[in-house]
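Enquirer: Below is input-v1.pdb; it holds PDB, C-alpha atoms and all ligand atoms.
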MODEL        1
ATOM      1  CA  MET A 271      -3.958  -6.539  29.558
ATOM      2  CA  THR A 272      -6.259  -9.281  30.826
ATOM      3  CA  ILE A 273      -8.662 -10.692  28.254
ATOM      4  CA  TYR A 274     -12.103 -11.480  29.620
ATOM      5  CA  PHE A 275     -14.435 -13.748  27.655
ATOM      6  CA  TYR A 276     -17.825 -15.318  28.318
ATOM      7  CA  LYS A 277     -20.631 -14.751  25.828
ATOM      8  CA  VAL A 278     -20.106 -16.490  22.480
ATOM      9  CA  ASP A 279     -21.186 -13.429  20.475
ATOM     10  CA  ALA A 280     -18.873 -11.028  22.376
ATOM     11  CA  PRO A 281     -15.128 -10.459  21.703
ATOM     12  CA  PHE A 282     -13.090 -13.656  22.208
ATOM     13  CA  GLY A 283     -16.366 -15.596  22.393
ATOM     14  CA  CYS A 284     -14.606 -18.479  20.622
ATOM     15  CA  PHE A 285     -12.836 -19.187  23.945
ATOM     16  CA  SER A 286     -16.164 -20.140  25.539
ATOM     17  CA  ASN A 287     -16.985 -23.842  25.684
ATOM     18  CA  PHE A 288     -20.372 -22.850  24.294
ATOM     19  CA  SER A 289     -18.834 -21.727  20.976
ATOM     20  CA  LEU A 290     -20.021 -23.787  18.019
ATOM     21  CA  HIS A 291     -16.753 -25.540  17.212
ATOM     22  CA  PRO A 292     -17.278 -29.293  16.931
ATOM     23  CA  ILE A 293     -14.674 -31.816  18.011
ATOM     24  CA  TRP A 294     -13.978 -35.496  17.320
ATOM     25  CA  ILE A 295     -12.462 -37.493  20.177
ATOM     26  CA  ASP A 296     -11.898 -41.281  19.976
ATOM     27  CA  GLY A 297     -14.068 -41.404  16.849
ATOM     28  CA  VAL A 298     -17.021 -39.663  18.534
ATOM     29  CA  TYR A 299     -18.431 -36.347  17.294
ATOM     30  CA  TRP A 300     -19.335 -33.617  19.789
ATOM     31  CA  GLN A 301     -21.081 -30.396  18.747
ATOM     32  CA  THR A 302     -19.214 -28.309  21.310
ATOM     33  CA  VAL A 303     -16.706 -28.752  24.130
ATOM     34  CA  GLU A 304     -19.631 -28.179  26.503
ATOM     35  CA  HIS A 305     -21.419 -31.248  25.087
ATOM     36  CA  TYR A 306     -18.221 -33.297  25.517
ATOM     37  CA  TYR A 307     -17.558 -32.055  29.062
ATOM     38  CA  GLN A 308     -21.123 -32.469  30.344
ATOM     39  CA  ALA A 309     -21.505 -35.975  28.839
ATOM     40  CA  HIS A 310     -18.366 -37.180  30.567
ATOM     41  CA  LYS A 311     -19.978 -36.657  33.963
ATOM     42  CA  PHE A 312     -21.914 -39.858  33.180
ATOM     43  CA  VAL A 313     -19.205 -42.106  31.669
ATOM     44  CA  GLY A 314     -19.034 -45.207  33.896
ATOM     45  CA  GLY A 315     -21.775 -43.797  36.142
ATOM     46  CA  LYS A 316     -25.251 -44.998  37.108
ATOM     47  CA  ASN A 317     -27.035 -43.383  34.163
ATOM     48  CA  GLU A 318     -24.992 -43.787  30.991
ATOM     49  CA  SER A 319     -28.096 -43.147  28.874
ATOM     50  CA  ALA A 320     -27.605 -39.461  29.687
ATOM     51  CA  ILE A 321     -24.483 -39.462  27.471
ATOM     52  CA  ALA A 322     -26.473 -39.971  24.255
ATOM     53  CA  LYS A 323     -29.071 -37.389  25.370
ATOM     54  CA  ILE A 324     -26.348 -34.794  25.961
ATOM     55  CA  ARG A 325     -24.613 -35.641  22.676
ATOM     56  CA  LYS A 326     -27.871 -34.963  20.820
ATOM     57  CA  ALA A 327     -28.761 -31.798  22.786
ATOM     58  CA  LYS A 328     -29.625 -29.007  20.343
ATOM     59  CA  THR A 329     -27.570 -26.341  22.131
ATOM     60  CA  PRO A 330     -24.648 -26.243  24.582
ATOM     61  CA  ALA A 331     -27.020 -24.662  27.102
ATOM     62  CA  GLU A 332     -29.313 -27.685  26.795
ATOM     63  CA  ALA A 333     -26.291 -30.016  27.157
ATOM     64  CA  ALA A 334     -25.305 -28.153  30.336
ATOM     65  CA  GLN A 335     -28.861 -28.300  31.677
ATOM     66  CA  ILE A 336     -28.991 -32.105  31.262
ATOM     67  CA  GLY A 337     -25.450 -32.526  32.575
ATOM     68  CA  ARG A 338     -26.064 -30.476  35.708
ATOM     69  CA  ALA A 339     -29.211 -32.382  36.661
ATOM     70  CA  CYS A 340     -28.979 -35.405  38.968
ATOM     71  CA  PRO A 341     -25.447 -34.975  40.375
ATOM     72  CA  HIS A 342     -25.952 -38.222  42.340
ATOM     73  CA  GLN A 343     -25.800 -40.068  38.985
ATOM     74  CA  TRP A 344     -22.414 -38.650  37.996
ATOM     75  CA  ARG A 345     -19.388 -40.927  37.913
ATOM     76  CA  SER A 346     -17.819 -41.227  41.363
ATOM     77  CA  ASP A 347     -14.409 -39.936  40.213
ATOM     78  CA  TRP A 348     -15.783 -36.826  38.493
ATOM     79  CA  ASP A 349     -13.919 -34.346  40.708
ATOM     80  CA  LEU A 350     -10.668 -36.181  39.994
ATOM     81  CA  VAL A 351     -11.036 -36.311  36.207
ATOM     82  CA  LYS A 352     -12.953 -33.160  35.273
ATOM     83  CA  LEU A 353      -9.886 -30.967  34.765
ATOM     84  CA  TYR A 354      -8.334 -33.515  32.426
ATOM     85  CA  ILE A 355     -11.590 -33.979  30.496
ATOM     86  CA  MET A 356     -11.871 -30.216  30.072
ATOM     87  CA  TRP A 357      -8.226 -29.894  28.986
ATOM     88  CA  GLU A 358      -8.650 -32.689  26.414
ATOM     89  CA  GLY A 359     -11.778 -31.080  24.960
ATOM     90  CA  VAL A 360     -10.285 -27.582  24.825
ATOM     91  CA  LEU A 361      -6.984 -28.796  23.309
ATOM     92  CA  THR A 362      -8.860 -30.773  20.641
ATOM     93  CA  LYS A 363     -11.006 -27.744  19.819
ATOM     94  CA  PHE A 364      -8.064 -25.421  19.259
ATOM     95  CA  MET A 365      -6.106 -28.105  17.372
ATOM     96  CA  SER A 366      -9.091 -28.737  15.058
ATOM     97  CA  HIS A 367     -10.013 -25.186  14.005
ATOM     98  CA  ALA A 368      -7.254 -23.104  12.430
ATOM     99  CA  ASP A 369      -9.192 -19.820  12.640
ATOM    100  CA  ILE A 370      -9.653 -19.878  16.410
ATOM    101  CA  GLN A 371      -6.182 -21.332  16.946
ATOM    102  CA  ALA A 372      -4.839 -18.180  15.265
ATOM    103  CA  ILE A 373      -6.961 -16.011  17.575
ATOM    104  CA  LEU A 374      -5.658 -17.892  20.620
ATOM    105  CA  LEU A 375      -2.018 -17.562  19.548
ATOM    106  CA  SER A 376      -2.554 -13.867  18.811
ATOM    107  CA  THR A 377      -3.227 -13.287  22.520
ATOM    108  CA  GLY A 378       0.499 -13.724  23.245
ATOM    109  CA  GLU A 379       1.083 -13.946  26.980
ATOM    110  CA  GLU A 380      -2.123 -12.170  28.027
ATOM    111  CA  ILE A 381      -4.059 -13.570  30.964
ATOM    112  CA  LEU A 382      -7.325 -15.166  29.803
ATOM    113  CA  VAL A 383     -10.281 -15.146  32.182
ATOM    114  CA  GLU A 384     -13.747 -16.681  31.842
ATOM    115  CA  ASP A 385     -15.848 -13.772  33.053
ATOM    116  CA  SER A 386     -18.701 -15.858  34.403
ATOM    117  CA  PRO A 387     -20.746 -14.007  37.026
ATOM    118  CA  VAL A 388     -21.925 -17.306  38.507
ATOM    119  CA  ASP A 389     -19.026 -19.758  38.221
ATOM    120  CA  TYR A 390     -16.199 -19.390  40.769
ATOM    121  CA  TYR A 391     -14.469 -22.599  39.679
ATOM    122  CA  TRP A 392     -14.244 -22.503  35.874
ATOM    123  CA  GLY A 393     -14.645 -18.735  35.801
ATOM    124  CA  CYS A 394     -13.813 -15.724  37.969
ATOM    125  CA  GLY A 395     -17.289 -15.227  39.438
ATOM    126  CA  GLU A 396     -19.130 -11.966  39.976
ATOM    127  CA  ASP A 397     -16.402 -10.364  42.138
ATOM    128  CA  ARG A 398     -13.584 -11.803  39.973
ATOM    129  CA  SER A 399     -12.048 -13.720  42.880
ATOM    130  CA  GLY A 400     -12.806 -17.146  41.362
ATOM    131  CA  LEU A 401     -10.305 -19.844  40.353
ATOM    132  CA  ASN A 402     -10.643 -19.296  36.579
ATOM    133  CA  LYS A 403      -9.789 -22.925  35.787
ATOM    134  CA  LEU A 404     -11.089 -22.624  32.221
ATOM    135  CA  GLY A 405      -8.917 -19.585  31.550
ATOM    136  CA  GLN A 406      -5.931 -21.459  32.988
ATOM    137  CA  ILE A 407      -6.609 -24.465  30.756
ATOM    138  CA  ILE A 408      -6.890 -22.281  27.647
ATOM    139  CA  MET A 409      -3.565 -20.591  28.524
ATOM    140  CA  ASN A 410      -2.013 -24.048  29.009
ATOM    141  CA  VAL A 411      -3.415 -25.140  25.639
ATOM    142  CA  ARG A 412      -1.958 -21.985  24.050
ATOM    143  CA  GLN A 413       1.455 -23.034  25.352
ATOM    144  CA  GLU A 414       0.930 -26.644  24.256
ATOM    145  CA  ILE A 415       0.100 -25.540  20.704
ATOM    146  CA  ARG A 416       3.286 -23.480  20.563
ATOM    147  CA  TRP A 417       5.228 -26.576  21.582
ATOM    148  CA  ARG A 418       3.596 -28.519  18.780
ATOM    149  CA  LYS A 419       4.211 -25.747  16.261
ATOM    150  CA  PRO A 420       7.938 -24.954  16.304
ATOM    151  CA  GLU A 421       7.433 -21.672  14.435
ATOM    152  CA  HIS A 422       5.700 -20.284  17.534
ATOM    153  CA  THR A 423       8.286 -21.309  20.102
ATOM    154  CA  TRP A 424      10.016 -17.956  19.882
ATOM    155  CA  GLN A 425       7.087 -16.495  21.813
ATOM    156  CA  LEU A 426       7.880 -18.614  24.887
ATOM    157  CA  LYS A 427       9.281 -16.645  27.811
ATOM    158  CA  SER A 428      12.174 -18.955  28.740
ATOM    159  CA  SER A 429      15.329 -19.128  26.711
ATOM    160  CA  SER A 430      16.308 -22.794  26.809
ATOM    161  CA  VAL A 431      14.361 -25.962  26.064
ATOM    162  CA  ASP A 432      15.166 -27.268  29.563
ATOM    163  CA  GLU A 433      13.718 -24.135  31.170
ATOM    164  CA  GLN A 434      10.603 -24.382  28.992
ATOM    165  CA  LEU A 435      10.111 -28.037  29.974
ATOM    166  CA  THR A 436      10.534 -27.153  33.643
ATOM    167  CA  GLU A 437       7.869 -24.438  33.286
ATOM    168  CA  LEU A 438       5.389 -26.916  31.819
ATOM    169  CA  VAL A 439       6.068 -29.656  34.374
ATOM    170  CA  LEU A 440       5.781 -27.261  37.302
TER     171      LEU A 440
HETATM  172  N1  LIG L   1     -21.212 -19.442  28.160
HETATM  173  C1  LIG L   1     -21.492 -20.008  29.385
HETATM  174  N2  LIG L   1     -22.741 -19.938  29.859
HETATM  175  C2  LIG L   1     -23.001 -20.480  31.061
HETATM  176  O1  LIG L   1     -24.242 -20.412  31.542
HETATM  177  C3  LIG L   1     -21.975 -21.098  31.804
HETATM  178  N3  LIG L   1     -22.234 -21.658  33.030
HETATM  179  C4  LIG L   1     -20.693 -21.138  31.261
HETATM  180  N4  LIG L   1     -19.649 -21.720  31.927
HETATM  181  C5  LIG L   1     -19.277 -23.026  31.606
HETATM  182  O2  LIG L   1     -20.102 -23.981  32.249
HETATM  183  C6  LIG L   1     -19.369 -25.187  32.357
HETATM  184  C7  LIG L   1     -19.304 -25.678  33.778
HETATM  185  O3  LIG L   1     -20.423 -26.427  34.000
HETATM  186  P1  LIG L   1     -20.665 -27.171  35.403
HETATM  187  O4  LIG L   1     -20.996 -26.088  36.365
HETATM  188  O5  LIG L   1     -19.411 -27.894  35.760
HETATM  189  O6  LIG L   1     -21.802 -28.064  35.111
HETATM  190  C8  LIG L   1     -17.958 -24.888  31.899
HETATM  191  O7  LIG L   1     -17.838 -25.223  30.523
HETATM  192  C9  LIG L   1     -17.883 -23.409  32.054
HETATM  193  O8  LIG L   1     -16.887 -22.882  31.221
HETATM  194  N5  LIG L   1     -20.465 -20.578  30.046
ENDMDL
END
What does this structure look like when you write it as structure tokens?
Ligand SMILES: Nc1nc(O)c(N)c(N[C@@H]2O[C@H](COP(=O)(O)O)[C@@H](O)[C@H]2O)n1

Expert:
Amino acid sequence: MTIYFYKVDAPFGCFSNFSLHPIWIDGVYWQTVEHYYQAHKFVGGKNESAIAKIRKAKTPAEAAQIGRACPHQWRSDWDLVKLYIMWEGVLTKFMSHADIQAILLSTGEEILVEDSPVDYYWGCGEDRSGLNKLGQIIMNVRQEIRWRKPEHTWQLKSSSVDEQLTELVL
């Protein structure tokens, strides 16, 4: 069964980057993964003052609104680094909050899909043909957490450590 998530107040809403689960990365506090992700568009760019504005944004929607404005001011390597930034934020979120980590692990091997009607990159888009990069990252993080927690490794599909490593590298 595929698990679709999007709205924070709907089932599996804790998988959304808009969920109110703060993270600390490199000694900096971020209210949500969305704040962290949007702010990093401006790290090393032409308008670094936007970082503080996004960090202080009252809601993840406001953080996204600021972050999406002025794409010409984003760092030049944004397309190269955005997947890693997102992965780092999502991994930190699920490593920092035991309650949602348990929810994530309880999904077993189910496919996770961000059911965004507008986003064909991070989500599946209106017709569900999108790339679902956020869902893929959350599934990767689920696997990563199992690696870090030996008691969960029995849930991995492959039988040997070598096979499991190969799966992750590929
Ligand atoms: N809950 C929610 N509401 C929205 O309005 C959204 N667009 C999303 N999707 C998230 O938006 C982020 C991508 O932003 P950019 O388009 O790269 O500026 C990413 O966190 C998606 O998961 N979610």

Enquirer: Could you list, as JSON, numbers by chain, all the residues within 10 Å of ligand LIG 1 (chain L), counting only C-alpha atoms and all ligand atoms?

Expert: {"A": [275, 276, 277, 278, 279, 283, 285, 286, 287, 288, 289, 302, 303, 304, 305, 306, 307, 308, 311, 330, 331, 333, 334, 335, 336, 337, 338, 339, 341, 349, 352, 356, 360, 384, 385, 386, 387, 388, 389, 390, 391, 392, 393, 402, 403, 404, 405]}

Enquirer: With distances taken over only C-alpha atoms, which of A:Ile381, A:Met409, A:Ile370, A:Cys340 is nearest to Gly315 (chain A)?

Expert: A:Cys340

Enquirer: Hey, what's within 12 Å of Asp369 (chain A) if we count all atoms listed in the file and toss same-chain stuff fewer than 5 positions away? As a list in words, please?

Expert: Cys284, Phe285, His291, Lys363, Phe364, Leu374, Leu375 and Ser376 of chain A

Enquirer: May I ask which of the residues A:Trp357, A:Trp300, A:Trp344, A:Phe282 is the closest one to Lys316 (chain A), counting all atoms listed in the file?

Expert: A:Trp344

Enquirer: To one decimal place, how far is CA of Tyr299 (chain A) from CA of Asn317 (chain A) in Å?

Expert: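 Result for CA of Tyr299 (chain A) versus CA of Asn317 (chain A): 20.2 Å, one decimal.
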
Enquirer: Using all atoms listed in the file, determine which residues lie at most 8 Å from Ile321 (chain A), disregarding the query and same-chain residues fewer than 5 positions distant; provide the list as a list in words.

Expert: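 Within the cut-off, the hits are Ala309, His310, Phe312 and Val313 of chain A.
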
Enquirer: What's around Thr272 (chain A) at 8 Å? Count all atoms listed in the file, leave out sequence neighbours fewer than 3 positions away in its own chain, and write the answer as a ChimeraX atom specification.

Expert: /A:380-383

Enquirer: Could you dump the residues just selected with C-alpha atoms as a tab-separated table (two decimals), in the coordinates of the input?

Expert:
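Listing of again-v2.tsv after writing:
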chain	number	residue	atom	x	y	z
A	380	GLU	CA	-2.12	-12.17	28.03
A	381	ILE	CA	-4.06	-13.57	30.96
A	382	LEU	CA	-7.32	-15.17	29.80
A	383	VAL	CA	-10.28	-15.15	32.18

Enquirer: How far is it from CA of Val298 (chain A) to CA of Asn410 (chain A), in Å with one decimal?

Expert: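 Calculated distance between CA of Val298 (chain A) and CA of Asn410 (chain A) is 24.1 Å.
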
Enquirer: Give me the box for region 394-406 of chain A as AutoDock Vina command-line options, namely the centre and edge lengths in Å to one decimal of a box along x, y and z that holds every listed atom plus 4 Å on each side.

Expert:
--center_x -12.5 --center_y -16.6 --center_z 37.2 --size_x 21.2 --size_y 20.6 --size_z 19.3

Enquirer: Between CA of Pro292 (chain A) and CA of Trp348 (chain A), what is the distance, to one decimal in Å?

Expert: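 For CA of Pro292 (chain A) relative to CA of Trp348 (chain A), the distance reads 22.9 Å.
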
Enquirer: Which of these, A:Asp397, A:Lys323, A:Ile415, A:Pro281, has the shortest distance to Ala368 (chain A) once you count only C-alpha atoms?

Expert: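 So, comparing all the options, the nearest one is A:Ile415.
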